[in-house]
file target08.cif (mmCIF, C-alpha atoms)
data_run
loop_
_atom_site.label_atom_id
_atom_site.label_comp_id
_atom_site.auth_asym_id
_atom_site.auth_seq_id
_atom_site.Cartn_x
_atom_site.Cartn_y
_atom_site.Cartn_z
CA MET A 1 24.27 65.19 -138.57
CA THR A 2 27.99 65.18 -139.21
CA THR A 3 28.89 66.83 -142.50
CA PRO A 4 30.86 64.44 -144.74
CA ASP A 5 34.30 65.43 -145.94
CA VAL A 6 33.41 65.80 -149.61
CA THR A 7 37.05 66.06 -150.64
CA ALA A 8 37.76 62.59 -149.22
CA TRP A 9 34.97 60.21 -150.20
CA PRO A 10 36.23 56.70 -149.42
CA THR A 11 37.90 54.94 -152.33
CA PRO A 12 40.71 52.39 -152.28
CA THR A 13 43.28 54.90 -153.58
CA ASP A 14 41.76 58.03 -151.98
CA PRO A 15 41.75 59.82 -155.36
CA LEU A 16 40.46 63.12 -154.02
CA ALA A 17 43.32 63.65 -151.61
CA LEU A 18 44.96 66.97 -152.36
CA ARG A 19 48.72 66.97 -152.90
CA ARG A 20 50.20 70.20 -151.67
CA GLN A 21 53.37 71.51 -153.20
CA PRO A 22 56.21 71.64 -150.68
CA GLY A 23 58.60 74.54 -150.86
CA GLY A 24 57.12 76.69 -153.59
CA PHE A 25 56.20 76.09 -157.21
CA THR A 26 57.78 74.61 -160.32
CA ALA A 27 56.07 73.76 -163.59
CA GLU A 28 57.67 70.32 -163.53
CA SER A 29 56.11 69.51 -160.17
CA VAL A 30 52.56 70.13 -161.40
CA ARG A 31 52.91 68.54 -164.85
CA HIS A 32 52.66 65.12 -163.19
CA ASP A 33 49.10 66.00 -162.23
CA PHE A 34 47.98 66.34 -165.88
CA PRO A 35 47.62 63.02 -167.69
CA VAL A 36 46.93 64.58 -171.09
CA LEU A 37 50.29 66.34 -171.10
CA HIS A 38 51.94 62.92 -171.41
CA ARG A 39 50.14 61.77 -174.57
CA PRO A 40 51.64 61.96 -178.07
CA VAL A 41 50.07 63.96 -180.89
CA ASN A 42 51.17 63.18 -184.44
CA GLY A 43 54.16 61.30 -183.10
CA HIS A 44 55.33 64.13 -180.84
CA PRO A 45 54.79 64.87 -177.14
CA LEU A 46 51.81 67.18 -176.75
CA ILE A 47 52.60 70.85 -176.20
CA TRP A 48 49.36 72.48 -175.10
CA LEU A 49 49.48 76.20 -175.89
CA ASP A 50 45.72 76.73 -176.26
CA ASN A 51 45.06 77.54 -172.63
CA ALA A 52 43.08 80.71 -173.30
CA ALA A 53 40.51 78.50 -175.05
CA THR A 54 40.51 75.86 -172.31
CA THR A 55 42.93 74.54 -169.72
CA GLN A 56 43.76 70.88 -169.20
CA LYS A 57 42.51 69.07 -166.10
CA PRO A 58 44.63 67.72 -163.25
CA ARG A 59 44.07 64.18 -162.07
CA GLN A 60 42.52 65.55 -158.87
CA VAL A 61 39.65 66.97 -160.92
CA ILE A 62 39.30 63.88 -163.12
CA GLU A 63 39.26 61.59 -160.10
CA ALA A 64 36.80 63.83 -158.25
CA LEU A 65 34.35 63.40 -161.14
CA THR A 66 34.93 59.63 -161.19
CA ALA A 67 34.44 59.38 -157.43
CA TYR A 68 31.24 61.42 -157.53
CA TYR A 69 29.66 59.36 -160.27
CA GLY A 70 31.06 56.11 -158.88
CA ILE A 71 29.88 56.35 -155.27
CA ALA A 72 27.98 59.58 -154.64
CA ASN A 73 25.71 60.38 -157.61
CA SER A 74 22.43 61.95 -156.51
CA ASN A 75 20.28 64.98 -157.17
CA ILE A 76 20.53 67.80 -154.65
CA HIS A 77 18.44 69.95 -152.32
CA ARG A 78 15.21 67.95 -152.48
CA GLY A 79 16.11 64.46 -151.33
CA ALA A 80 15.84 63.09 -147.81
CA HIS A 81 18.18 60.12 -148.22
CA THR A 82 21.85 59.90 -147.32
CA MET A 83 23.30 60.31 -150.82
CA ALA A 84 21.08 63.30 -151.54
CA ARG A 85 22.32 64.97 -148.37
CA GLU A 86 25.93 64.19 -149.25
CA ALA A 87 25.57 65.51 -152.80
CA THR A 88 23.88 68.67 -151.54
CA GLU A 89 26.61 69.24 -149.00
CA ALA A 90 29.27 68.72 -151.67
CA TYR A 91 27.51 71.16 -154.02
CA GLU A 92 27.23 73.82 -151.33
CA ALA A 93 30.82 73.17 -150.27
CA GLY A 94 31.73 74.09 -153.84
CA ARG A 95 29.82 77.36 -153.49
CA ALA A 96 31.63 78.17 -150.25
CA ALA A 97 35.01 77.32 -151.78
CA VAL A 98 34.35 79.61 -154.76
CA ALA A 99 33.30 82.44 -152.44
CA ASP A 100 36.56 82.05 -150.54
CA PHE A 101 38.53 81.80 -153.80
CA LEU A 102 37.09 85.12 -154.98
CA GLY A 103 37.33 86.84 -151.61
CA ALA A 104 33.54 87.19 -151.57
CA PRO A 105 31.92 88.13 -148.27
CA SER A 106 29.45 85.23 -148.40
CA PRO A 107 28.52 82.19 -150.50
CA ASP A 108 25.11 83.86 -150.91
CA GLY A 109 26.60 85.98 -153.69
CA VAL A 110 27.75 82.98 -155.76
CA VAL A 111 25.49 81.69 -158.55
CA PHE A 112 26.41 78.60 -160.54
CA VAL A 113 25.93 78.97 -164.30
CA ARG A 114 27.22 77.22 -167.41
CA GLY A 115 30.07 79.68 -167.90
CA THR A 116 31.01 83.31 -168.33
CA THR A 117 28.69 83.73 -171.30
CA GLU A 118 25.64 82.62 -169.34
CA ALA A 119 26.69 84.77 -166.39
CA VAL A 120 26.83 87.92 -168.54
CA ASN A 121 23.51 87.07 -170.17
CA LEU A 122 21.95 86.52 -166.75
CA VAL A 123 23.01 89.98 -165.60
CA ALA A 124 21.89 91.55 -168.87
CA GLN A 125 18.48 89.88 -168.84
CA SER A 126 17.76 90.19 -165.11
CA TRP A 127 19.50 93.31 -163.83
CA GLY A 128 19.70 94.97 -167.25
CA ARG A 129 16.06 94.62 -168.17
CA ALA A 130 15.02 96.15 -164.86
CA ASN A 131 17.55 98.97 -164.74
CA LEU A 132 18.26 100.08 -168.31
CA GLY A 133 16.13 102.38 -170.42
CA PRO A 134 16.17 104.98 -173.18
CA GLY A 135 19.12 107.35 -172.89
CA ASP A 136 21.17 105.04 -170.64
CA ASP A 137 24.75 104.14 -171.58
CA ILE A 138 26.51 100.79 -171.35
CA LEU A 139 30.29 101.23 -171.68
CA VAL A 140 32.14 98.27 -173.20
CA PRO A 141 35.83 98.48 -174.21
CA VAL A 142 36.87 97.40 -177.70
CA LEU A 143 39.08 94.89 -175.87
CA GLU A 144 36.16 92.64 -174.92
CA HIS A 145 35.31 89.08 -175.86
CA HIS A 146 32.11 88.74 -177.88
CA SER A 147 30.44 87.25 -174.80
CA ASP A 148 30.81 90.63 -173.10
CA ILE A 149 29.58 92.56 -176.15
CA VAL A 150 26.68 90.67 -177.74
CA PRO A 151 24.51 90.32 -174.59
CA TRP A 152 24.75 94.09 -174.07
CA GLN A 153 23.86 94.74 -177.70
CA MET A 154 20.78 92.58 -177.29
CA ILE A 155 19.56 94.20 -174.07
CA ALA A 156 20.41 97.70 -175.36
CA LYS A 157 18.20 97.08 -178.39
CA GLU A 158 15.40 95.81 -176.16
CA THR A 159 15.58 98.66 -173.64
CA ARG A 160 16.63 101.37 -176.10
CA ALA A 161 19.81 101.98 -174.12
CA ARG A 162 23.06 102.84 -175.93
CA LEU A 163 26.11 100.59 -176.23
CA VAL A 164 29.24 102.78 -176.12
CA PRO A 165 32.62 101.32 -177.16
CA VAL A 166 35.69 102.47 -175.24
CA PRO A 167 38.71 102.70 -177.60
CA LEU A 168 42.14 101.16 -177.18
CA THR A 169 45.60 102.67 -177.32
CA ALA A 170 48.21 101.52 -179.82
CA ASP A 171 49.69 98.99 -177.36
CA GLY A 172 46.33 97.37 -176.62
CA GLU A 173 45.41 99.06 -173.36
CA ILE A 174 42.02 100.60 -172.66
CA ASP A 175 42.32 104.33 -173.34
CA GLN A 176 41.80 105.65 -169.83
CA ASN A 177 41.38 109.26 -170.93
CA ALA A 178 38.65 108.26 -173.35
CA TYR A 179 37.05 106.10 -170.67
CA ALA A 180 36.93 109.00 -168.22
CA ASP A 181 35.46 111.25 -170.89
CA LEU A 182 32.75 108.74 -171.83
CA LEU A 183 31.54 108.24 -168.27
CA SER A 184 28.58 110.42 -167.39
CA SER A 185 25.36 110.53 -165.41
CA ARG A 186 23.84 108.46 -168.23
CA THR A 187 26.24 105.55 -167.60
CA ARG A 188 24.41 102.65 -165.97
CA LEU A 189 26.90 99.85 -166.49
CA VAL A 190 30.55 99.30 -167.38
CA ALA A 191 31.52 95.81 -168.62
CA ILE A 192 35.26 95.10 -168.62
CA SER A 193 37.48 92.04 -168.82
CA HIS A 194 39.98 91.43 -166.06
CA ALA A 195 42.35 90.08 -168.72
CA SER A 196 42.03 90.01 -172.50
CA ASN A 197 41.86 86.64 -174.25
CA VAL A 198 43.45 88.02 -177.43
CA LEU A 199 45.88 90.74 -176.30
CA GLY A 200 46.62 89.55 -172.76
CA THR A 201 46.00 93.08 -171.46
CA VAL A 202 45.16 93.38 -167.75
CA PRO A 203 43.27 96.67 -167.35
CA PRO A 204 43.32 98.70 -164.11
CA VAL A 205 39.97 97.23 -163.11
CA LYS A 206 39.99 98.50 -159.52
CA GLU A 207 40.61 102.10 -160.61
CA MET A 208 38.11 101.87 -163.47
CA THR A 209 35.49 100.48 -161.10
CA ALA A 210 36.03 103.27 -158.59
CA LEU A 211 35.64 105.88 -161.32
CA ALA A 212 32.44 104.25 -162.63
CA HIS A 213 30.98 104.18 -159.13
CA ARG A 214 31.43 107.95 -158.85
CA TYR A 215 28.79 108.22 -161.56
CA GLY A 216 26.52 105.68 -159.91
CA ALA A 217 27.25 103.02 -162.55
CA LYS A 218 27.54 99.30 -161.83
CA VAL A 219 30.53 97.31 -163.03
CA LEU A 220 30.63 93.77 -164.40
CA VAL A 221 34.06 92.17 -164.65
CA ASP A 222 34.68 89.26 -167.02
CA GLY A 223 37.26 87.22 -165.16
CA ALA A 224 37.37 84.24 -167.52
CA GLN A 225 41.02 84.80 -168.45
CA ALA A 226 42.15 86.13 -165.07
CA VAL A 227 41.28 83.56 -162.41
CA ALA A 228 43.81 80.93 -163.53
CA HIS A 229 46.68 83.41 -163.65
CA PHE A 230 46.52 85.53 -160.49
CA PRO A 231 44.53 85.82 -157.24
CA VAL A 232 41.25 87.73 -157.40
CA ASP A 233 39.57 89.63 -154.56
CA VAL A 234 36.15 90.91 -155.57
CA GLN A 235 35.84 92.99 -152.41
CA ASP A 236 39.13 94.73 -153.10
CA LEU A 237 38.05 95.35 -156.69
CA ASN A 238 34.62 96.42 -155.39
CA ALA A 239 33.12 94.73 -158.46
CA ASP A 240 29.34 94.61 -158.56
CA PHE A 241 29.43 91.46 -160.72
CA TYR A 242 32.29 89.07 -161.47
CA ALA A 243 32.06 86.11 -163.86
CA PHE A 244 34.30 83.22 -164.83
CA SER A 245 34.23 79.79 -166.50
CA GLY A 246 35.42 76.64 -164.78
CA HIS A 247 37.02 75.11 -167.87
CA LYS A 248 39.57 77.95 -168.01
CA LEU A 249 40.42 77.22 -164.36
CA PHE A 250 41.42 73.54 -164.76
CA ALA A 251 37.80 72.49 -163.98
CA PRO A 252 35.19 70.76 -166.21
CA THR A 253 33.32 72.40 -169.05
CA GLY A 254 29.73 73.49 -168.52
CA ILE A 255 30.21 75.04 -165.09
CA GLY A 256 30.84 78.69 -164.32
CA VAL A 257 30.24 81.32 -161.69
CA LEU A 258 28.53 84.65 -161.39
CA TYR A 259 29.41 86.58 -158.26
CA ALA A 260 27.12 89.49 -157.47
CA LYS A 261 27.04 91.75 -154.46
CA PRO A 262 24.39 90.14 -152.25
CA ASP A 263 22.20 93.24 -152.10
CA LEU A 264 22.18 93.46 -155.90
CA LEU A 265 21.48 89.77 -156.31
CA ALA A 266 18.64 89.88 -153.80
CA GLY A 267 16.92 92.54 -155.90
CA MET A 268 17.27 90.70 -159.23
CA ALA A 269 14.32 88.82 -160.66
CA PRO A 270 14.91 85.21 -161.76
CA TRP A 271 16.00 84.85 -165.36
CA GLN A 272 14.69 81.30 -165.80
CA GLY A 273 11.87 79.48 -164.06
CA GLY A 274 11.43 75.87 -163.06
CA GLY A 275 12.39 73.52 -160.28
CA ASN A 276 14.82 74.20 -157.46
CA MET A 277 14.42 78.00 -157.61
CA ILE A 278 11.00 78.12 -155.94
CA GLU A 279 9.57 78.15 -152.44
CA SER A 280 5.99 77.38 -153.49
CA VAL A 281 3.92 77.16 -156.67
CA ASP A 282 0.22 77.29 -157.46
CA PHE A 283 -1.57 78.52 -160.54
CA GLY A 284 -2.17 81.90 -158.99
CA GLN A 285 1.34 82.76 -157.85
CA THR A 286 4.86 81.43 -157.44
CA THR A 287 7.07 82.37 -154.52
CA PHE A 288 10.76 82.24 -155.36
CA ALA A 289 13.60 80.96 -153.20
CA ALA A 290 16.11 83.35 -151.72
CA ALA A 291 19.24 84.26 -153.67
CA PRO A 292 21.37 82.66 -154.97
CA HIS A 293 19.05 79.65 -155.43
CA ARG A 294 16.40 81.65 -157.26
CA MET A 295 18.90 82.06 -160.10
CA GLU A 296 19.56 78.31 -160.44
CA ALA A 297 16.52 76.81 -162.14
CA GLY A 298 16.41 73.05 -162.58
CA THR A 299 19.01 70.46 -161.71
CA GLY A 300 22.40 72.09 -161.54
CA HIS A 301 25.63 70.80 -163.02
CA ILE A 302 26.41 68.88 -159.84
CA SER A 303 29.44 67.00 -161.11
CA GLY A 304 30.72 70.26 -162.60
CA VAL A 305 30.58 71.90 -159.17
CA ILE A 306 32.38 68.89 -157.66
CA GLY A 307 35.07 69.25 -160.34
CA LEU A 308 35.27 73.00 -159.78
CA LEU A 309 35.69 72.41 -156.05
CA ALA A 310 38.56 70.02 -156.75
CA ALA A 311 40.15 72.49 -159.18
CA VAL A 312 39.93 75.37 -156.71
CA ASN A 313 41.38 73.20 -153.94
CA TRP A 314 44.18 72.09 -156.25
CA LEU A 315 45.04 75.59 -157.47
CA THR A 316 44.90 77.23 -154.04
CA SER A 317 47.23 74.55 -152.69
CA LEU A 318 49.94 76.16 -154.82
CA ASP A 319 51.83 79.34 -154.07
CA ARG A 320 49.74 81.65 -156.28
CA GLU A 321 52.25 84.48 -156.15
CA ALA A 322 55.01 82.10 -157.23
CA VAL A 323 52.80 80.84 -160.06
CA ALA A 324 52.15 84.39 -161.27
CA ALA A 325 55.86 85.21 -161.12
CA TYR A 326 56.72 82.05 -163.05
CA GLU A 327 54.19 82.82 -165.79
CA GLU A 328 55.47 86.40 -166.04
CA GLY A 329 59.01 85.14 -166.53
CA LEU A 330 57.90 82.55 -169.06
CA LEU A 331 55.99 85.21 -171.00
CA SER A 332 59.07 87.44 -171.16
CA TYR A 333 61.17 84.52 -172.35
CA ALA A 334 58.60 83.61 -175.00
CA ARG A 335 58.33 87.16 -176.33
CA GLU A 336 62.10 87.39 -176.72
CA ALA A 337 62.30 83.96 -178.36
CA LEU A 338 59.46 84.66 -180.80
CA ALA A 339 61.15 87.90 -181.82
CA THR A 340 63.83 85.77 -183.53
CA VAL A 341 61.31 84.29 -186.00
CA PRO A 342 61.49 86.14 -189.36
CA GLY A 343 58.26 87.93 -190.21
CA LEU A 344 56.58 87.30 -186.85
CA GLN A 345 54.64 90.25 -185.44
CA LEU A 346 53.25 90.10 -181.91
CA ILE A 347 49.93 91.88 -181.36
CA GLY A 348 49.56 94.00 -178.23
CA SER A 349 52.27 95.25 -175.93
CA ALA A 350 50.51 96.41 -172.76
CA PRO A 351 52.96 96.29 -169.85
CA ASP A 352 50.47 94.60 -167.50
CA ARG A 353 49.40 91.36 -169.15
CA ILE A 354 48.84 87.64 -168.83
CA ALA A 355 50.74 85.05 -170.84
CA VAL A 356 48.90 85.37 -174.15
CA LEU A 357 50.93 85.64 -177.36
CA THR A 358 48.84 86.61 -180.39
CA PHE A 359 50.78 87.01 -183.60
CA THR A 360 50.84 87.11 -187.36
CA LEU A 361 53.48 85.53 -189.57
CA ALA A 362 54.45 87.14 -192.86
CA GLY A 363 53.44 85.03 -195.84
CA GLN A 364 51.38 82.63 -193.72
CA ASP A 365 47.68 82.35 -193.03
CA PRO A 366 47.01 81.89 -189.27
CA ALA A 367 45.13 78.65 -189.90
CA SER A 368 48.08 77.31 -191.89
CA VAL A 369 50.42 78.22 -189.03
CA ALA A 370 48.23 76.30 -186.58
CA ASP A 371 48.10 73.30 -188.93
CA TRP A 372 51.89 73.28 -189.32
CA LEU A 373 52.45 73.43 -185.56
CA ASP A 374 49.91 70.66 -184.98
CA ARG A 375 52.07 68.33 -187.07
CA ASP A 376 54.74 68.85 -184.39
CA GLY A 377 52.26 68.17 -181.59
CA ILE A 378 51.95 71.88 -180.73
CA ALA A 379 48.39 73.07 -180.12
CA ILE A 380 47.65 76.75 -180.66
CA ARG A 381 44.53 78.60 -181.85
CA ALA A 382 43.90 80.54 -185.05
CA GLY A 383 40.99 82.78 -186.01
CA HIS A 384 39.29 85.83 -184.59
CA HIS A 385 39.29 84.45 -181.02
CA CYS A 386 35.76 85.78 -180.42
CA ALA A 387 37.29 89.25 -180.20
CA GLN A 388 36.79 90.73 -183.66
CA PRO A 389 36.69 94.40 -182.55
CA ALA A 390 40.03 94.00 -180.75
CA LEU A 391 41.67 92.48 -183.83
CA ALA A 392 40.07 95.09 -186.07
CA HIS A 393 41.84 97.72 -183.95
CA TYR A 394 45.03 96.37 -185.55
CA GLY A 395 43.51 96.01 -189.01
CA LEU A 396 43.26 92.22 -188.67
CA GLU A 397 40.52 89.69 -189.22
CA SER A 398 42.39 86.72 -187.75
CA ALA A 399 45.64 85.85 -186.00
CA ALA A 400 47.45 82.95 -184.40
CA ARG A 401 47.53 82.68 -180.62
CA ALA A 402 49.76 80.74 -178.23
CA SER A 403 48.58 81.01 -174.65
CA LEU A 404 50.58 79.74 -171.69
CA ALA A 405 49.60 78.20 -168.37
CA LEU A 406 51.42 77.23 -165.20
CA TYR A 407 52.36 73.80 -166.59
CA ASN A 408 54.11 75.14 -169.70
CA THR A 409 57.89 75.29 -169.85
CA ALA A 410 60.73 77.16 -171.54
CA ASP A 411 61.56 73.98 -173.44
CA GLU A 412 58.06 73.98 -174.94
CA VAL A 413 58.52 77.61 -175.97
CA ASP A 414 61.81 76.63 -177.63
CA GLN A 415 60.03 73.89 -179.59
CA LEU A 416 57.32 76.34 -180.68
CA VAL A 417 59.95 78.80 -181.91
CA ALA A 418 61.97 76.08 -183.65
CA SER A 419 58.87 74.85 -185.50
CA LEU A 420 58.02 78.39 -186.63
CA HIS A 421 61.57 78.83 -187.89
CA ARG A 422 61.21 75.64 -189.94
CA LEU A 423 57.94 76.91 -191.34
CA GLN A 424 59.50 80.17 -192.48
CA GLN A 425 62.46 78.34 -193.98
CA SER A 426 60.03 76.20 -196.00
CA LEU A 427 58.78 79.22 -197.96
#
call {"tool": "encode", "arguments": {"input": "target08.cif", "output": "structure tokens"}}
result
Amino acid sequence: MTTPDVTAWPTPTDPLALRRQPGGFTAESVRHDFPVLHRPVNGHPLIWLDNAATTQKPRQVIEALTAYYGIANSNIHRGAHTMAREATEAYEAGRAAVADFLGAPSPDGVVFVRGTTEAVNLVAQSWGRANLGPGDDILVPVLEHHSDIVPWQMIAKETRARLVPVPLTADGEIDQNAYADLLSSRTRLVAISHASNVLGTVPPVKEMTALAHRYGAKVLVDGAQAVAHFPVDVQDLNADFYAFSGHKLFAPTGIGVLYAKPDLLAGMAPWQGGGNMIESVDFGQTTFAAAPHRMEAGTGHISGVIGLLAAVNWLTSLDREAVAAYEEGLLSYAREALATVPGLQLIGSAPDRIAVLTFTLAGQDPASVADWLDRDGIAIRAGHHCAQPALAHYGLESAARASLALYNTADEVDQLVASLHRLQQSL
């Protein structure tokens, strides 16, 4: 049987065709791919600066979902008819594309989940329950998102292991001296983010992983904030587990990825039971499918995988190094521009960082700042950003956050700064 080209299902306008960027990257060239960026909000053009919460979706992803549901909708893996085969091949093409995107050695190490949170919980409940016990340490930096703290608290309580926080330095980096001191023969797992959602910090994950491995510890990397900003190679990092969410990578919500080294994944018991993850069932015994399918109980988020495939294809069609350089320059510009706003204090100053700008404004509650900016069509986030320990490091309970993506521009930064100036002048 000839495998269908799942990125080119026949439609009158060929909506899944991938437009490659000739001659490098500009933000203006990709903005045309994002319909939502051309809508008004409160009478102003939308300025989307809430990318750390979720990214907007290019038309290639939107049209991929429409094409799937319009002409190719079917369940996967168990059907013998044409559309079932096509849907299965599209789903597995998504797995192969993700493996290539992450530099994984094989698609067999890629598990589809709902998002980073479910991926971390899967590792905690499957690998953690089998490998953690009294006296074992789980090292988690203060930098982490709640999704990379709470699951480890839960499994530590269940297994009587110990959750050990790794402190931060004044500029928001993981204290590497403290980290080295905390590692020991008791350390079973280190859980670290590849980029912080609240401080933007990019830790030296490769070096931290190598040090953890010297003690026989496994390393889980939360890549939710990293994958949209710079290329990731899990083999170069030598990460044991790597997790990310599709909706922060220009893909749909409800789909995410857990990469695990194939030998580790093969030894992990299923976390959930049901259909799709079995070879055979009777009332005496169930035989499970091989990894990764044993970790995917029930009907998967098929359209989500199709959308993720389209997002990966779209993003990898760009010059990723040029994108990273553009975002770095835009971040520098934004930091300098925000410094002109009276009473504005940026949080975190690690030299290696993604384009996240978390700040406080003298005399203003973060929620009030977000509300003011929304009146000008500028979307930012306010609150604890699911990173309360990181904010507490600075004596804060909440802050405002503007987070940039590859489609943001210097003009949008200027409008953000101008609106903040008007807010301060209104006091």
call {"tool": "residues_near_point", "arguments": {"input": "target08.cif", "point": "(18.7, 97.3, -178.3)", "cutoff": "12 Å", "atoms": "all atoms listed in the file", "output": "PDB file with C-alpha atoms, keeping the file's coordinate frame"}}
result
ATOM      1  CA  ALA A 124      21.890  91.550-168.870  1.00  0.00           C
ATOM      2  CA  GLY A 128      19.700  94.970-167.250  1.00  0.00           C
ATOM      3  CA  ARG A 129      16.060  94.620-168.170  1.00  0.00           C
ATOM      4  CA  LEU A 132      18.260 100.080-168.310  1.00  0.00           C
ATOM      5  CA  GLY A 133      16.130 102.380-170.420  1.00  0.00           C
ATOM      6  CA  PRO A 134      16.170 104.980-173.180  1.00  0.00           C
ATOM      7  CA  GLY A 135      19.120 107.350-172.890  1.00  0.00           C
ATOM      8  CA  ASP A 136      21.170 105.040-170.640  1.00  0.00           C
ATOM      9  CA  ASP A 137      24.750 104.140-171.580  1.00  0.00           C
ATOM     10  CA  ILE A 138      26.510 100.790-171.350  1.00  0.00           C
ATOM     11  CA  VAL A 150      26.680  90.670-177.740  1.00  0.00           C
ATOM     12  CA  PRO A 151      24.510  90.320-174.590  1.00  0.00           C
ATOM     13  CA  TRP A 152      24.750  94.090-174.070  1.00  0.00           C
ATOM     14  CA  GLN A 153      23.860  94.740-177.700  1.00  0.00           C
ATOM     15  CA  MET A 154      20.780  92.580-177.290  1.00  0.00           C
ATOM     16  CA  ILE A 155      19.560  94.200-174.070  1.00  0.00           C
ATOM     17  CA  ALA A 156      20.410  97.700-175.360  1.00  0.00           C
ATOM     18  CA  LYS A 157      18.200  97.080-178.390  1.00  0.00           C
ATOM     19  CA  GLU A 158      15.400  95.810-176.160  1.00  0.00           C
ATOM     20  CA  THR A 159      15.580  98.660-173.640  1.00  0.00           C
ATOM     21  CA  ARG A 160      16.630 101.370-176.100  1.00  0.00           C
ATOM     22  CA  ALA A 161      19.810 101.980-174.120  1.00  0.00           C
ATOM     23  CA  ARG A 162      23.060 102.840-175.930  1.00  0.00           C
ATOM     24  CA  LEU A 163      26.110 100.590-176.230  1.00  0.00           C
TER      25      LEU A 163
END
call {"tool": "residues_around", "arguments": {"input": "target08.cif", "residues": "A:Glu296", "least_positions_apart": "4", "cutoff": "12 Å", "atoms": "all atoms listed in the file", "output": "mmCIF file with C-alpha atoms, in the coordinates of the input"}}
result
data_model
loop_
_atom_site.group_PDB
_atom_site.id
_atom_site.type_symbol
_atom_site.label_atom_id
_atom_site.label_comp_id
_atom_site.auth_asym_id
_atom_site.auth_seq_id
_atom_site.Cartn_x
_atom_site.Cartn_y
_atom_site.Cartn_z
ATOM 1 C CA HIS A 77 18.440 69.950 -152.320
ATOM 2 C CA VAL A 110 27.750 82.980 -155.760
ATOM 3 C CA VAL A 111 25.490 81.690 -158.550
ATOM 4 C CA PHE A 112 26.410 78.600 -160.540
ATOM 5 C CA VAL A 113 25.930 78.970 -164.300
ATOM 6 C CA ARG A 114 27.220 77.220 -167.410
ATOM 7 C CA GLU A 118 25.640 82.620 -169.340
ATOM 8 C CA ALA A 119 26.690 84.770 -166.390
ATOM 9 C CA LEU A 122 21.950 86.520 -166.750
ATOM 10 C CA GLY A 256 30.840 78.690 -164.320
ATOM 11 C CA VAL A 257 30.240 81.320 -161.690
ATOM 12 C CA LEU A 258 28.530 84.650 -161.390
ATOM 13 C CA ALA A 269 14.320 88.820 -160.660
ATOM 14 C CA PRO A 270 14.910 85.210 -161.760
ATOM 15 C CA TRP A 271 16.000 84.850 -165.360
ATOM 16 C CA GLN A 272 14.690 81.300 -165.800
ATOM 17 C CA GLY A 273 11.870 79.480 -164.060
ATOM 18 C CA GLY A 274 11.430 75.870 -163.060
ATOM 19 C CA GLY A 275 12.390 73.520 -160.280
ATOM 20 C CA ASN A 276 14.820 74.200 -157.460
ATOM 21 C CA MET A 277 14.420 78.000 -157.610
ATOM 22 C CA ILE A 278 11.000 78.120 -155.940
ATOM 23 C CA PHE A 288 10.760 82.240 -155.360
ATOM 24 C CA ALA A 289 13.600 80.960 -153.200
ATOM 25 C CA ALA A 290 16.110 83.350 -151.720
ATOM 26 C CA ALA A 291 19.240 84.260 -153.670
ATOM 27 C CA PRO A 292 21.370 82.660 -154.970
ATOM 28 C CA GLY A 300 22.400 72.090 -161.540
ATOM 29 C CA HIS A 301 25.630 70.800 -163.020
ATOM 30 C CA ILE A 302 26.410 68.880 -159.840
#
call {"tool": "resolve_selection", "arguments": {"input": "target08.cif", "expression": "the PyMOL selection byres ((chain A and resi 348) around 6)", "output": "ChimeraX atom specification"}}
result
/A:171-172,199,347,349
call {"tool": "closest_residue", "arguments": {"input": "target08.cif", "among": "A:Asn197, A:Ser332, A:Ser419, A:Gln125", "to": "A:His146", "atoms": "only C-alpha atoms"}}
result
A:Asn197
call {"tool": "closest_atom_pairs", "arguments": {"input": "target08.cif", "of": "stretch 33-57 of chain A", "to": "stretch 354-361 of chain A", "cutoff": "10 Å", "atoms": "all atoms listed in the file", "output": "tab-separated table"}}
result
residue	atom	partner	partner_atom	distance
A:Leu49	CA	A:Val356	CA	9.4
A:Asp50	CA	A:Val356	CA	9.4
A:Asn51	CA	A:Val356	CA	8.9
A:Ala52	CA	A:Val356	CA	7.5
call {"tool": "write_last_selection", "arguments": {"input": "target08.cif", "atoms": "C-alpha atoms", "output": "mmCIF file, keeping the file's coordinate frame"}}
result
data_model
loop_
_atom_site.group_PDB
_atom_site.id
_atom_site.type_symbol
_atom_site.label_atom_id
_atom_site.label_comp_id
_atom_site.auth_asym_id
_atom_site.auth_seq_id
_atom_site.Cartn_x
_atom_site.Cartn_y
_atom_site.Cartn_z
ATOM 1 C CA LEU A 49 49.480 76.200 -175.890
ATOM 2 C CA ASP A 50 45.720 76.730 -176.260
ATOM 3 C CA ASN A 51 45.060 77.540 -172.630
ATOM 4 C CA ALA A 52 43.080 80.710 -173.300
#
call {"tool": "closest_residue", "arguments": {"input": "target08.cif", "among": "A:Thr88, A:Asn42, A:Thr54, A:Ser74", "to": "A:Asp371", "atoms": "all atoms listed in the file"}}
result
A:Asn42
call {"tool": "closest_residue", "arguments": {"input": "target08.cif", "among": "A:Ile76, A:Ala87, A:Ile306, A:Leu373", "to": "A:Arg422", "atoms": "all atoms listed in the file"}}
result
A:Leu373
